[in-house]
>>> print(open('work_1.tsv').read())   # TSV, C-alpha atoms
chain	number	residue	atom	x	y	z
S	13	MET	CA	99.92	91.01	81.26
S	14	ASN	CA	96.18	91.23	81.95
S	15	MET	CA	94.16	94.42	82.22
S	16	LEU	CA	94.34	94.57	86.02
S	17	GLN	CA	98.13	94.22	86.02
S	18	ARG	CA	98.37	97.01	83.44
S	19	LEU	CA	96.24	99.20	85.69
S	20	ASP	CA	98.58	98.49	88.61
S	21	ASN	CA	101.54	99.64	86.53
S	22	ARG	CA	99.84	102.99	85.90
S	23	ILE	CA	99.45	103.92	89.58
S	24	THR	CA	101.07	107.34	90.08
S	25	LEU	CA	104.02	106.75	92.43
S	26	ASN	CA	107.53	108.16	92.59
S	27	ASP	CA	110.59	105.91	92.54
S	28	GLU	CA	110.89	105.74	96.35
S	29	GLU	CA	107.21	104.82	96.69
S	30	ARG	CA	107.48	102.11	94.04
S	31	MET	CA	110.45	100.59	95.86
S	32	LEU	CA	108.50	100.59	99.12
S	33	LEU	CA	105.46	99.03	97.44
S	34	GLU	CA	107.64	96.24	96.07
S	35	SER	CA	108.97	95.63	99.59
S	36	VAL	CA	105.41	95.50	100.91
S	37	ARG	CA	104.42	93.04	98.17
S	38	ALA	CA	107.33	90.79	99.09
S	39	LEU	CA	106.45	91.03	102.79
S	40	ALA	CA	102.80	90.25	102.06
S	41	ARG	CA	103.68	87.30	99.83
S	42	ASP	CA	106.45	85.74	101.90
S	43	GLN	CA	105.37	86.38	105.49
S	44	ILE	CA	101.84	87.70	105.89
S	45	ALA	CA	99.91	85.48	103.45
S	46	PRO	CA	101.37	82.17	104.76
S	47	ARG	CA	100.15	83.00	108.28
S	48	ALA	CA	96.66	84.18	107.31
S	49	GLU	CA	94.93	80.82	107.64
S	50	HIS	CA	96.40	80.26	111.12
S	51	TYR	CA	95.29	83.65	112.36
S	52	ASP	CA	91.81	83.21	110.90
S	53	ARG	CA	91.43	79.80	112.54
S	54	THR	CA	92.74	80.80	115.97
S	55	ALA	CA	91.54	84.44	116.00
S	56	GLU	CA	94.87	85.35	117.65
S	57	PHE	CA	95.98	88.94	117.23
S	58	PRO	CA	98.55	88.90	114.35
S	59	TRP	CA	101.56	90.15	116.32
S	60	GLU	CA	104.03	88.43	113.99
S	61	ASN	CA	102.59	90.36	111.07
S	62	VAL	CA	102.53	93.64	112.99
S	63	ASN	CA	106.16	93.15	114.01
S	64	ALA	CA	107.12	92.41	110.40
S	65	ILE	CA	105.32	95.55	109.22
S	66	ASN	CA	107.09	97.58	111.91
S	67	ALA	CA	110.45	96.11	110.90
S	68	LEU	CA	109.79	97.66	107.50
S	69	GLY	CA	108.96	100.97	109.21
S	70	LEU	CA	105.66	101.17	107.41
S	71	ASN	CA	103.84	103.43	109.87
S	72	ALA	CA	106.33	106.15	109.00
S	73	MET	CA	104.81	106.55	105.53
S	74	PHE	CA	101.85	108.56	106.84
S	75	ILE	CA	103.65	110.48	109.61
S	76	PRO	CA	105.38	113.79	108.69
S	77	GLU	CA	109.15	113.84	108.96
S	78	ALA	CA	109.06	116.45	111.73
S	79	TYR	CA	107.45	113.85	114.02
S	80	GLY	CA	109.65	110.87	113.23
S	81	GLY	CA	108.05	109.75	109.99
S	82	ALA	CA	108.90	109.64	106.30
S	83	GLN	CA	105.62	110.76	104.75
S	84	MET	CA	104.62	109.51	101.33
S	85	SER	CA	101.56	110.08	99.17
S	86	TYR	CA	98.02	108.99	99.99
S	87	THR	CA	98.14	106.97	96.77
S	88	ALA	CA	101.15	105.02	98.07
S	89	TYR	CA	99.39	104.40	101.39
S	90	LEU	CA	96.28	103.01	99.64
S	91	ALA	CA	98.43	100.78	97.42
S	92	CYS	CA	100.16	99.32	100.49
S	93	ALA	CA	96.83	98.87	102.29
S	94	ARG	CA	95.48	96.93	99.31
S	95	GLU	CA	98.54	94.65	99.14
S	96	ILE	CA	98.48	93.81	102.86
S	97	SER	CA	94.72	93.24	102.80
S	98	GLN	CA	95.02	90.87	99.84
S	99	ALA	CA	97.48	88.76	101.85
S	100	CYS	CA	95.55	88.92	105.15
S	101	ALA	CA	92.42	91.03	105.47
S	102	ALA	CA	92.66	91.09	109.28
S	103	THR	CA	96.22	92.42	109.22
S	104	GLY	CA	95.16	94.99	106.64
S	105	ILE	CA	92.54	96.30	109.05
S	106	VAL	CA	94.98	96.42	111.96
S	107	TRP	CA	97.52	98.44	110.00
S	108	ALA	CA	95.05	100.74	108.23
S	109	THR	CA	93.42	101.62	111.56
S	110	ASN	CA	96.67	103.29	112.57
S	111	TYR	CA	96.07	105.70	109.71
S	112	HIS	CA	92.33	106.10	110.36
S	113	GLY	CA	92.92	106.84	114.03
S	114	MET	CA	95.92	109.14	113.78
S	115	LYS	CA	95.26	111.16	110.60
S	116	PRO	CA	92.99	113.61	112.48
S	117	LEU	CA	95.81	114.19	114.97
S	118	ILE	CA	98.12	114.99	112.04
S	119	ASP	CA	95.57	117.32	110.44
S	120	TRP	CA	94.05	118.98	113.52
S	121	GLY	CA	96.54	118.57	116.37
S	122	THR	CA	98.63	121.37	117.85
S	123	GLU	CA	102.37	121.37	117.36
S	124	GLU	CA	102.82	120.27	120.97
S	125	GLN	CA	100.37	117.37	120.55
S	126	LYS	CA	102.03	116.15	117.37
S	127	GLN	CA	105.55	116.38	118.82
S	128	ARG	CA	104.46	114.47	121.91
S	129	LEU	CA	102.19	111.79	120.44
S	130	LEU	CA	102.98	111.05	116.79
S	131	PRO	CA	106.48	109.61	117.30
S	132	ARG	CA	104.85	106.67	119.13
S	133	ILE	CA	102.94	105.75	115.98
S	134	ALA	CA	105.89	106.40	113.66
S	135	GLU	CA	107.92	103.94	115.73
S	136	GLY	CA	105.31	101.22	115.29
S	137	GLY	CA	102.63	101.99	117.86
S	138	LEU	CA	99.01	101.00	117.25
S	139	GLY	CA	96.13	103.45	116.96
S	140	ALA	CA	92.37	103.12	117.41
S	141	LEU	CA	89.41	105.22	116.33
S	142	ALA	CA	86.66	105.14	118.95
S	143	ILE	CA	83.32	106.45	117.67
S	144	THR	CA	80.66	103.72	117.72
S	145	GLU	CA	78.46	103.00	120.72
S	146	PRO	CA	75.63	100.48	121.22
S	147	GLY	CA	73.10	103.25	120.53
S	148	ALA	CA	75.17	105.29	118.09
S	149	GLY	CA	76.36	103.64	114.90
S	150	SER	CA	75.58	105.28	111.58
S	151	ASP	CA	74.20	108.29	113.49
S	152	ALA	CA	77.15	109.49	115.55
S	153	THR	CA	75.07	112.24	117.15
S	154	GLY	CA	73.47	109.57	119.36
S	155	MET	CA	76.71	108.93	121.26
S	156	ARG	CA	76.52	109.24	125.06
S	157	THR	CA	80.16	109.11	126.15
S	158	SER	CA	80.72	112.31	128.10
S	159	PHE	CA	83.66	114.69	128.54
S	160	ARG	CA	83.61	116.87	131.65
S	161	GLU	CA	86.18	119.60	132.22
S	162	GLU	CA	87.79	119.74	135.65
S	163	GLY	CA	90.61	122.26	135.82
S	164	ASP	CA	93.41	121.10	133.54
S	165	GLU	CA	91.85	117.66	133.08
S	166	ILE	CA	89.00	116.10	131.15
S	167	VAL	CA	86.98	113.37	132.86
S	168	ILE	CA	85.57	110.68	130.57
S	169	ASN	CA	82.62	108.41	131.29
S	170	GLY	CA	80.78	106.05	128.98
S	171	GLY	CA	81.67	103.29	126.57
S	172	LYS	CA	82.37	102.35	122.98
S	173	THR	CA	81.77	99.19	120.98
S	174	PHE	CA	83.16	97.57	117.81
S	175	ILE	CA	86.51	99.34	118.27
S	176	THR	CA	89.25	97.94	116.04
S	177	ASN	CA	92.56	97.56	117.93
S	178	GLY	CA	90.62	98.48	121.06
S	179	ASP	CA	92.48	96.08	123.32
S	180	VAL	CA	95.99	96.71	121.92
S	181	ALA	CA	96.09	100.40	120.93
S	182	ASP	CA	98.74	102.76	122.23
S	183	LEU	CA	96.66	105.84	121.35
S	184	TYR	CA	92.88	106.19	120.95
S	185	LEU	CA	91.18	108.98	119.06
S	186	LEU	CA	88.06	109.19	121.20
S	187	PHE	CA	84.82	111.03	120.40
S	188	GLY	CA	82.33	112.10	123.05
S	189	LYS	CA	80.01	114.94	124.09
S	190	TRP	CA	81.22	117.96	126.04
S	191	GLU	CA	79.13	118.61	129.13
S	192	GLY	CA	77.81	122.14	129.15
S	193	ILE	CA	77.35	122.44	125.39
S	194	ALA	CA	73.74	122.02	124.25
S	195	GLY	CA	72.88	120.14	121.08
S	196	ALA	CA	73.57	116.59	119.89
S	197	LYS	CA	75.83	117.82	117.08
S	198	GLU	CA	77.29	120.91	118.68
S	199	SER	CA	78.60	119.10	121.77
S	200	ILE	CA	80.63	116.41	119.98
S	201	SER	CA	84.32	116.75	120.79
S	202	VAL	CA	87.43	114.63	120.30
S	203	LEU	CA	90.57	113.90	122.30
S	204	VAL	CA	93.49	111.50	122.41
S	205	LEU	CA	93.36	108.85	125.13
S	206	GLU	CA	96.62	107.09	125.95
S	207	LYS	CA	97.13	103.42	126.74
S	208	GLY	CA	97.13	102.60	130.44
S	209	THR	CA	94.91	105.50	131.50
S	210	PRO	CA	93.24	104.53	134.80
S	211	GLY	CA	89.54	103.82	134.32
S	212	LEU	CA	89.94	102.49	130.77
S	213	SER	CA	88.92	98.83	130.54
S	214	VAL	CA	88.24	96.26	127.84
S	215	VAL	CA	84.81	94.76	128.51
S	216	ARG	CA	84.81	92.13	125.76
S	217	LEU	CA	86.27	91.04	122.43
S	218	GLU	CA	83.95	90.00	119.60
S	219	ASP	CA	84.02	86.54	118.01
S	220	LYS	CA	83.50	87.51	114.38
S	221	MET	CA	82.53	85.88	111.08
S	222	GLY	CA	85.57	87.23	109.24
S	223	THR	CA	88.74	89.29	109.75
S	224	ARG	CA	88.94	87.23	112.91
S	225	ALA	CA	92.50	88.14	113.88
S	226	SER	CA	91.67	91.84	113.92
S	227	SER	CA	90.55	92.47	117.49
S	228	THR	CA	87.21	94.24	117.91
S	229	ALA	CA	86.62	95.47	121.44
S	230	THR	CA	83.98	96.94	123.68
S	231	LEU	CA	85.52	99.60	125.92
S	232	ALA	CA	84.39	101.24	129.13
S	233	PHE	CA	85.51	104.59	130.56
S	234	ASP	CA	85.03	105.04	134.30
S	235	ASN	CA	86.15	108.51	135.35
S	236	CYS	CA	89.17	108.39	133.02
S	237	ARG	CA	91.23	111.54	133.41
S	238	VAL	CA	93.29	112.91	130.57
S	239	PRO	CA	95.14	116.24	130.30
S	240	ARG	CA	93.16	118.99	128.62
S	241	ALA	CA	96.22	119.25	126.40
S	242	ASN	CA	94.97	116.06	124.69
S	243	LEU	CA	91.84	117.78	123.33
S	244	LEU	CA	91.88	118.22	119.55
S	245	GLY	CA	90.70	121.66	118.55
S	246	GLN	CA	88.07	123.21	120.77
S	247	PRO	CA	85.07	121.69	122.59
S	248	GLY	CA	82.41	121.15	119.93
S	249	ASP	CA	84.84	120.70	117.01
S	250	GLY	CA	84.31	116.94	116.96
S	251	LEU	CA	81.77	116.62	114.17
S	252	LYS	CA	83.78	118.51	111.55
S	253	ILE	CA	86.88	116.52	112.53
S	254	LEU	CA	84.87	113.30	112.28
S	255	PHE	CA	83.55	114.07	108.79
S	256	ALA	CA	86.99	115.06	107.53
S	257	SER	CA	88.40	111.84	108.98
S	258	LEU	CA	85.76	109.63	107.36
S	259	ASN	CA	86.34	111.21	103.95
S	260	LYS	CA	89.90	109.85	104.03
S	261	SER	CA	89.20	106.56	105.80
S	262	ARG	CA	86.47	105.50	103.36
S	263	PRO	CA	88.87	105.23	100.38
S	264	SER	CA	91.08	103.19	102.71
S	265	VAL	CA	88.19	100.80	103.33
S	266	ALA	CA	87.74	100.62	99.55
S	267	ALA	CA	91.42	99.67	99.14
S	268	HIS	CA	90.93	96.99	101.80
S	269	ALA	CA	87.87	95.63	99.99
S	270	LEU	CA	89.64	95.67	96.63
S	271	GLY	CA	92.57	93.74	98.10
S	272	ILE	CA	90.15	91.03	99.23
S	273	ALA	CA	88.46	91.06	95.81
S	274	ARG	CA	91.76	90.81	93.95
S	275	GLY	CA	92.87	87.86	96.06
S	276	ALA	CA	89.65	85.97	95.39
S	277	PHE	CA	89.74	86.81	91.68
S	278	ASP	CA	93.34	85.63	91.32
S	279	ASP	CA	92.56	82.35	93.09
S	280	ALA	CA	89.53	81.75	90.91
S	281	ILE	CA	91.41	82.49	87.69
S	282	ALA	CA	94.22	80.12	88.67
S	283	TYR	CA	91.72	77.37	89.43
S	284	ILE	CA	89.62	77.64	86.27
S	285	ASN	CA	92.80	77.69	84.16
S	286	GLU	CA	93.81	74.33	85.65
S	287	ARG	CA	90.55	72.52	86.33
S	288	LYS	CA	89.05	70.69	83.36
S	289	GLN	CA	85.48	69.68	82.67
S	290	SER	CA	84.56	67.44	79.72
S	291	GLY	CA	88.13	67.71	78.48
S	292	ARG	CA	88.20	71.52	78.45
S	293	LYS	CA	89.52	74.10	80.89
S	294	ILE	CA	86.64	75.67	82.78
S	295	LEU	CA	87.77	79.07	81.49
S	296	GLU	CA	87.28	77.87	77.91
S	297	PHE	CA	83.51	77.81	78.39
S	298	GLN	CA	81.88	80.98	77.06
S	299	GLY	CA	79.55	81.40	80.03
S	300	ILE	CA	82.52	81.40	82.41
S	301	GLN	CA	84.40	83.85	80.19
S	302	PHE	CA	81.45	86.25	80.34
S	303	MET	CA	81.38	85.91	84.14
S	304	VAL	CA	85.12	86.62	84.40
S	305	ALA	CA	84.86	89.56	81.99
S	306	ASP	CA	82.13	91.19	84.07
S	307	LEU	CA	84.13	90.82	87.29
S	308	ALA	CA	87.35	92.08	85.71
S	309	ALA	CA	85.63	95.07	84.12
S	310	GLU	CA	84.01	96.08	87.40
S	311	MET	CA	87.31	95.73	89.28
S	312	ALA	CA	89.14	97.82	86.69
S	313	LEU	CA	86.54	100.58	86.91
S	314	VAL	CA	86.39	100.68	90.70
S	315	GLU	CA	90.18	100.50	91.07
S	316	GLY	CA	90.49	103.29	88.51
S	317	TRP	CA	88.15	105.40	90.66
S	318	LEU	CA	90.24	104.55	93.74
S	319	TRP	CA	93.36	106.02	92.13
S	320	GLN	CA	91.36	109.01	90.86
S	321	VAL	CA	90.18	109.87	94.38
S	322	ALA	CA	93.68	109.27	95.76
S	323	GLY	CA	95.09	111.69	93.21
S	324	TRP	CA	92.63	114.37	94.29
S	325	VAL	CA	93.67	113.95	97.93
S	326	ASP	CA	97.35	114.16	97.00
S	327	ALA	CA	96.58	117.35	95.03
S	328	GLY	CA	95.11	118.93	98.17
S	329	ALA	CA	91.38	118.46	97.55
S	330	THR	CA	89.12	118.68	100.60
S	331	ASP	CA	85.61	118.42	99.11
S	332	PHE	CA	85.37	114.79	98.00
S	333	GLY	CA	82.99	113.27	100.55
S	334	MET	CA	80.41	112.11	98.02
S	335	GLU	CA	83.07	110.59	95.80
S	336	ALA	CA	84.50	108.76	98.81
S	337	SER	CA	81.04	107.41	99.65
S	338	LEU	CA	80.57	106.17	96.09
S	339	LEU	CA	83.98	104.51	96.15
S	340	LYS	CA	83.47	102.77	99.48
S	341	MET	CA	80.02	101.55	98.49
S	342	ARG	CA	80.98	100.15	95.08
S	343	ALA	CA	84.29	98.63	96.22
S	344	SER	CA	82.71	96.80	99.15
S	345	ASP	CA	79.73	95.55	97.12
S	346	LEU	CA	82.22	94.36	94.51
S	347	ALA	CA	84.30	92.52	97.11
S	348	MET	CA	81.22	90.61	98.23
S	349	ARG	CA	80.29	89.78	94.63
S	350	VAL	CA	83.78	88.69	93.57
S	351	THR	CA	84.34	86.49	96.62
S	352	THR	CA	80.90	84.89	96.27
S	353	ASP	CA	81.51	84.19	92.58
S	354	ALA	CA	84.99	82.85	93.35
S	355	VAL	CA	83.47	80.32	95.75
S	356	GLN	CA	81.04	79.35	92.98
S	357	LEU	CA	83.83	78.95	90.42
S	358	LEU	CA	85.77	76.64	92.72
S	359	GLY	CA	82.65	74.54	93.27
S	360	GLY	CA	82.78	72.25	96.28
S	361	TYR	CA	86.39	73.22	96.96
S	362	GLY	CA	85.36	76.85	97.30
S	363	TYR	CA	83.08	75.91	100.18
S	364	CYS	CA	85.93	74.24	102.09
S	365	LYS	CA	88.36	75.94	104.42
S	366	ASP	CA	91.35	74.39	102.62
S	367	PHE	CA	90.90	77.10	99.96
S	368	ARG	CA	91.16	80.74	100.96
S	369	VAL	CA	88.20	81.96	98.91
S	370	GLU	CA	86.00	80.66	101.72
S	371	ARG	CA	87.85	82.92	104.15
S	372	LEU	CA	87.85	85.86	101.75
S	373	MET	CA	84.08	85.64	101.35
S	374	ARG	CA	83.69	85.94	105.13
S	375	ASP	CA	86.27	88.73	105.28
S	376	ALA	CA	84.53	90.75	102.56
S	377	LYS	CA	81.22	91.15	104.40
S	378	ILE	CA	82.39	93.68	106.98
S	379	THR	CA	83.42	96.12	104.26
S	380	GLN	CA	79.74	96.63	103.42
S	381	ILE	CA	78.94	97.43	107.05
S	382	TRP	CA	81.61	99.56	108.71
S	383	GLU	CA	82.58	103.16	107.94
S	384	GLY	CA	78.91	103.73	107.20
S	385	THR	CA	76.69	100.91	105.97
S	386	ASN	CA	76.19	100.84	102.22
S	387	GLN	CA	72.55	101.71	102.78
S	388	VAL	CA	73.66	104.95	104.41
S	389	HIS	CA	76.03	105.70	101.52
S	390	ARG	CA	73.26	105.12	99.00
S	391	GLN	CA	71.06	107.50	100.96
S	392	LEU	CA	73.82	110.15	101.00
S	393	ILE	CA	74.42	109.82	97.27
S	394	GLY	CA	70.74	109.79	96.35
S	395	ARG	CA	69.92	112.73	98.63
S	396	SER	CA	72.66	114.82	96.99
S	397	PHE	CA	70.45	115.08	93.88
S	398	LEU	CA	67.48	116.44	95.84
S	399	GLN	CA	66.67	119.97	94.67
S	400	ARG	CA	66.10	122.29	97.59
>>> encode(input="work_1.tsv", output="structure tokens")
Amino acid sequence: MNMLQRLDNRITLNDEERMLLESVRALARDQIAPRAEHYDRTAEFPWENVNAINALGLNAMFIPEAYGGAQMSYTAYLACAREISQACAATGIVWATNYHGMKPLIDWGTEEQKQRLLPRIAEGGLGALAITEPGAGSDATGMRTSFREEGDEIVINGGKTFITNGDVADLYLLFGKWEGIAGAKESISVLVLEKGTPGLSVVRLEDKMGTRASSTATLAFDNCRVPRANLLGQPGDGLKILFASLNKSRPSVAAHALGIARGAFDDAIAYINERKQSGRKILEFQGIQFMVADLAAEMALVEGWLWQVAGWVDAGATDFGMEASLLKMRASDLAMRVTTDAVQLLGGYGYCKDFRVERLMRDAKITQIWEGTNQVHRQLIGRSFLQR
């Protein structure tokens, strides 16, 4: 048993969670991984994988029992996200976005909202988190989507871009600015938009470098009307809800990145144990051993930090934003490094689409960009040491 497998065995899970994780591993190995190449090549939405995940009832693990779920720990969720992402990074994004999009509803929604909306997700519905706009990426205060109150309804106008699950979601957690409240920060508000709302349209789907089966949509809102009962919190509460949401979604992105990294590392290790050069296994050369040792050490450290942060969340911690930024930044940089080195270790084969490390290298890149670019996270971390 190598050091990474020993680390996996030390993840803090109860017996029920371990059984579920084993089921997810079997699902990922037997059904999701064999379809990954097809979905990458065709860029079709991975409905077969989503249906298989729903047959396992996996959405229920982050929905409280009162709303049709069977809630488990954040640690268990991250472990499942990593396993699915290792098998198919695109499917990992699709499933994890259900959590990203709906966790604020769980944490901030009224009892009526949760009773009415969450059972859809627990039963296998898809969620989306709609924040980014063409002029508002890392700086969410630049968003221009507007919410206007008219009686018991809210009228939405504007658009969003780069929205995961944007064309297939059943529920959208949508951020915009409340008309009548001054200030770029103070006016940000958030509501739940339901599938099929008149005035909601999909403008385009992106043709991406990696995670190609995960749909990424540009959306338009033309006088969409939703009940005021779908507003989370009060007008102007959006920014604090957004920050709280990102603190929990960034470790999820780290788990996604680490799944990609682990897949590439495993493939590379298998190859250099079999391939011979000058009569010796490639892994017998000292230079290659040093390279493998550096990658394994970095993965062990970053994965250890992942489970540390997960443990804090499960213990009820709320102030871990900087630690989440560090985790997301290091895990995604590591995924890019491991996949690039895996391609190098496989030589010419690594550059060919017959071997999945080529796909994993393309899949890894987005983890450095979304949920805050790594440049933004470095700025946040560095600025935290500024004495005021």
>>> residues_around(input="work_1.tsv", residues="segment 353-367 of chain S", least_positions_apart="5", cutoff="7 Å", atoms="all atoms listed in the file", output="ChimeraX atom specification")
/S:276-277,280,283
>>> closest_residue(input="work_1.tsv", among="S:Asn21, S:Ala91, S:Arg160, S:Ala152", to="Ala322 of chain S", atoms="only C-alpha atoms")
S:Ala91
>>> closest_atom_pairs(input="work_1.tsv", of="segment 198-314 of chain S", to="segment 187-193 of chain S", cutoff="9 Å", atoms="only C-alpha atoms", output="tab-separated table")
residue	atom	partner	partner_atom	distance
S:Glu198	CA	S:Ile193	CA	6.9
S:Ser199	CA	S:Lys189	CA	5.0
S:Ile200	CA	S:Lys189	CA	4.4
S:Ser201	CA	S:Gly188	CA	5.5
S:Val202	CA	S:Phe187	CA	4.4
S:Leu203	CA	S:Phe187	CA	6.7
S:Val204	CA	S:Phe187	CA	8.9
S:Pro247	CA	S:Trp190	CA	6.4
S:Gly248	CA	S:Trp190	CA	7.0
S:Gly250	CA	S:Phe187	CA	6.9
S:Leu251	CA	S:Phe187	CA	8.9
S:Leu254	CA	S:Phe187	CA	8.4
>>> atom_distance(input="work_1.tsv", atom1="atom CA of Gly275 of chain S", atom2="atom CA of Gln98 of chain S")
5.3 Å
>>> closest_residue(input="work_1.tsv", among="S:Ala142, S:Ile166, S:Leu270, S:Ala196", to="Arg240 of chain S", atoms="all atoms listed in the file")
S:Ile166
>>> atom_distance(input="work_1.tsv", atom1="atom CA of Ile133 of chain S", atom2="atom CA of Ala102 of chain S")
19.1 Å
>>> closest_residue(input="work_1.tsv", among="S:Asn177, S:Thr379, S:Thr144, S:Asn235", to="Trp59 of chain S", atoms="all atoms listed in the file")
S:Asn177
>>> residues_around(input="work_1.tsv", residues="Gly139 of chain S", least_positions_apart="2", cutoff="10 Å", atoms="only C-alpha atoms", output="PDB file with C-alpha atoms, keeping the file's coordinate frame")
ATOM      1  CA  VAL S 106      94.980  96.420 111.960  1.00  0.00           C
ATOM      2  CA  TRP S 107      97.520  98.440 110.000  1.00  0.00           C
ATOM      3  CA  ALA S 108      95.050 100.740 108.230  1.00  0.00           C
ATOM      4  CA  THR S 109      93.420 101.620 111.560  1.00  0.00           C
ATOM      5  CA  ASN S 110      96.670 103.290 112.570  1.00  0.00           C
ATOM      6  CA  TYR S 111      96.070 105.700 109.710  1.00  0.00           C
ATOM      7  CA  HIS S 112      92.330 106.100 110.360  1.00  0.00           C
ATOM      8  CA  GLY S 113      92.920 106.840 114.030  1.00  0.00           C
ATOM      9  CA  MET S 114      95.920 109.140 113.780  1.00  0.00           C
ATOM     10  CA  ARG S 132     104.850 106.670 119.130  1.00  0.00           C
ATOM     11  CA  ILE S 133     102.940 105.750 115.980  1.00  0.00           C
ATOM     12  CA  GLY S 136     105.310 101.220 115.290  1.00  0.00           C
ATOM     13  CA  GLY S 137     102.630 101.990 117.860  1.00  0.00           C
ATOM     14  CA  LEU S 141      89.410 105.220 116.330  1.00  0.00           C
ATOM     15  CA  ALA S 142      86.660 105.140 118.950  1.00  0.00           C
ATOM     16  CA  THR S 176      89.250  97.940 116.040  1.00  0.00           C
ATOM     17  CA  ASN S 177      92.560  97.560 117.930  1.00  0.00           C
ATOM     18  CA  GLY S 178      90.620  98.480 121.060  1.00  0.00           C
ATOM     19  CA  VAL S 180      95.990  96.710 121.920  1.00  0.00           C
ATOM     20  CA  ALA S 181      96.090 100.400 120.930  1.00  0.00           C
ATOM     21  CA  ASP S 182      98.740 102.760 122.230  1.00  0.00           C
ATOM     22  CA  LEU S 183      96.660 105.840 121.350  1.00  0.00           C
ATOM     23  CA  TYR S 184      92.880 106.190 120.950  1.00  0.00           C
ATOM     24  CA  LEU S 185      91.180 108.980 119.060  1.00  0.00           C
ATOM     25  CA  GLU S 206      96.620 107.090 125.950  1.00  0.00           C
ATOM     26  CA  LYS S 207      97.130 103.420 126.740  1.00  0.00           C
TER      27      LYS S 207
END
>>> atom_distance(input="work_1.tsv", atom1="atom CA of Ala67 of chain S", atom2="atom CA of Val265 of chain S")
24.0 Å
>>> residues_near_point(input="work_1.tsv", point="(93.8, 98.4, 84.6)", cutoff="12 Å", atoms="only C-alpha atoms", output="list in words")
Met13, Asn14, Met15, Leu16, Gln17, Arg18, Leu19, Asp20, Asn21, Arg22, Ile23, Ala308, Ala309, Glu310, Met311, Ala312, Leu313, Val314, Glu315, Gly316, Trp317, Leu318 and Trp319 of chain S
>>> residues_around(input="work_1.tsv", residues="segment 26-41 of chain S", least_positions_apart="5", cutoff="10 Å", atoms="only C-alpha atoms", output="PyMOL selection string")
chain S and resi 21+46-47+61+64-65+68+70+73+84-85+87-89+91-100+103
>>> decode(input="work_1.tsv", residues="segment 215-219 of chain S", atoms="all heavy atoms", output="PDB file, in the first residue's frame")
ATOM      1  N   VAL S 215     -28.508  31.372 -24.534  1.00  0.00           N
ATOM      2  CA  VAL S 215     -28.005  32.097 -25.699  1.00  0.00           C
ATOM      3  C   VAL S 215     -26.986  31.263 -26.464  1.00  0.00           C
ATOM      4  O   VAL S 215     -26.995  31.216 -27.701  1.00  0.00           O
ATOM      5  CB  VAL S 215     -27.385  33.441 -25.265  1.00  0.00           C
ATOM      6  CG1 VAL S 215     -26.788  34.178 -26.476  1.00  0.00           C
ATOM      7  CG2 VAL S 215     -28.429  34.303 -24.569  1.00  0.00           C
ATOM      8  N   ARG S 216     -26.107  30.572 -25.720  1.00  0.00           N
ATOM      9  CA  ARG S 216     -25.081  29.767 -26.371  1.00  0.00           C
ATOM     10  C   ARG S 216     -24.489  28.789 -25.372  1.00  0.00           C
ATOM     11  O   ARG S 216     -24.596  28.973 -24.165  1.00  0.00           O
ATOM     12  CB  ARG S 216     -23.961  30.634 -26.959  1.00  0.00           C
ATOM     13  CG  ARG S 216     -23.205  31.484 -25.953  1.00  0.00           C
ATOM     14  CD  ARG S 216     -22.001  32.157 -26.568  1.00  0.00           C
ATOM     15  NE  ARG S 216     -20.914  31.200 -26.780  1.00  0.00           N
ATOM     16  CZ  ARG S 216     -19.917  31.400 -27.633  1.00  0.00           C
ATOM     17  NH1 ARG S 216     -19.894  32.488 -28.380  1.00  0.00           N
ATOM     18  NH2 ARG S 216     -18.960  30.508 -27.765  1.00  0.00           N
ATOM     19  N   LEU S 217     -23.844  27.740 -25.925  1.00  0.00           N
ATOM     20  CA  LEU S 217     -23.057  26.799 -25.144  1.00  0.00           C
ATOM     21  C   LEU S 217     -21.610  26.899 -25.603  1.00  0.00           C
ATOM     22  O   LEU S 217     -21.345  27.000 -26.807  1.00  0.00           O
ATOM     23  CB  LEU S 217     -23.578  25.368 -25.313  1.00  0.00           C
ATOM     24  CG  LEU S 217     -24.967  25.076 -24.759  1.00  0.00           C
ATOM     25  CD1 LEU S 217     -25.377  23.645 -25.108  1.00  0.00           C
ATOM     26  CD2 LEU S 217     -25.018  25.281 -23.248  1.00  0.00           C
ATOM     27  N   GLU S 218     -20.676  26.859 -24.665  1.00  0.00           N
ATOM     28  CA  GLU S 218     -19.261  27.017 -25.005  1.00  0.00           C
ATOM     29  C   GLU S 218     -18.658  25.700 -25.495  1.00  0.00           C
ATOM     30  O   GLU S 218     -19.009  24.622 -25.012  1.00  0.00           O
ATOM     31  CB  GLU S 218     -18.475  27.507 -23.780  1.00  0.00           C
ATOM     32  CG  GLU S 218     -18.980  28.816 -23.182  1.00  0.00           C
ATOM     33  CD  GLU S 218     -18.908  29.991 -24.144  1.00  0.00           C
ATOM     34  OE1 GLU S 218     -18.087  29.944 -25.096  1.00  0.00           O
ATOM     35  OE2 GLU S 218     -19.673  30.950 -23.954  1.00  0.00           O
ATOM     36  N   ASP S 219     -17.753  25.808 -26.448  1.00  0.00           N
ATOM     37  CA  ASP S 219     -16.966  24.680 -26.950  1.00  0.00           C
ATOM     38  C   ASP S 219     -15.607  24.770 -26.264  1.00  0.00           C
ATOM     39  O   ASP S 219     -14.776  25.594 -26.636  1.00  0.00           O
ATOM     40  CB  ASP S 219     -16.846  24.770 -28.472  1.00  0.00           C
ATOM     41  CG  ASP S 219     -16.136  23.572 -29.079  1.00  0.00           C
ATOM     42  OD1 ASP S 219     -15.873  22.596 -28.343  1.00  0.00           O
ATOM     43  OD2 ASP S 219     -15.838  23.608 -30.286  1.00  0.00           O
TER      44      ASP S 219
END
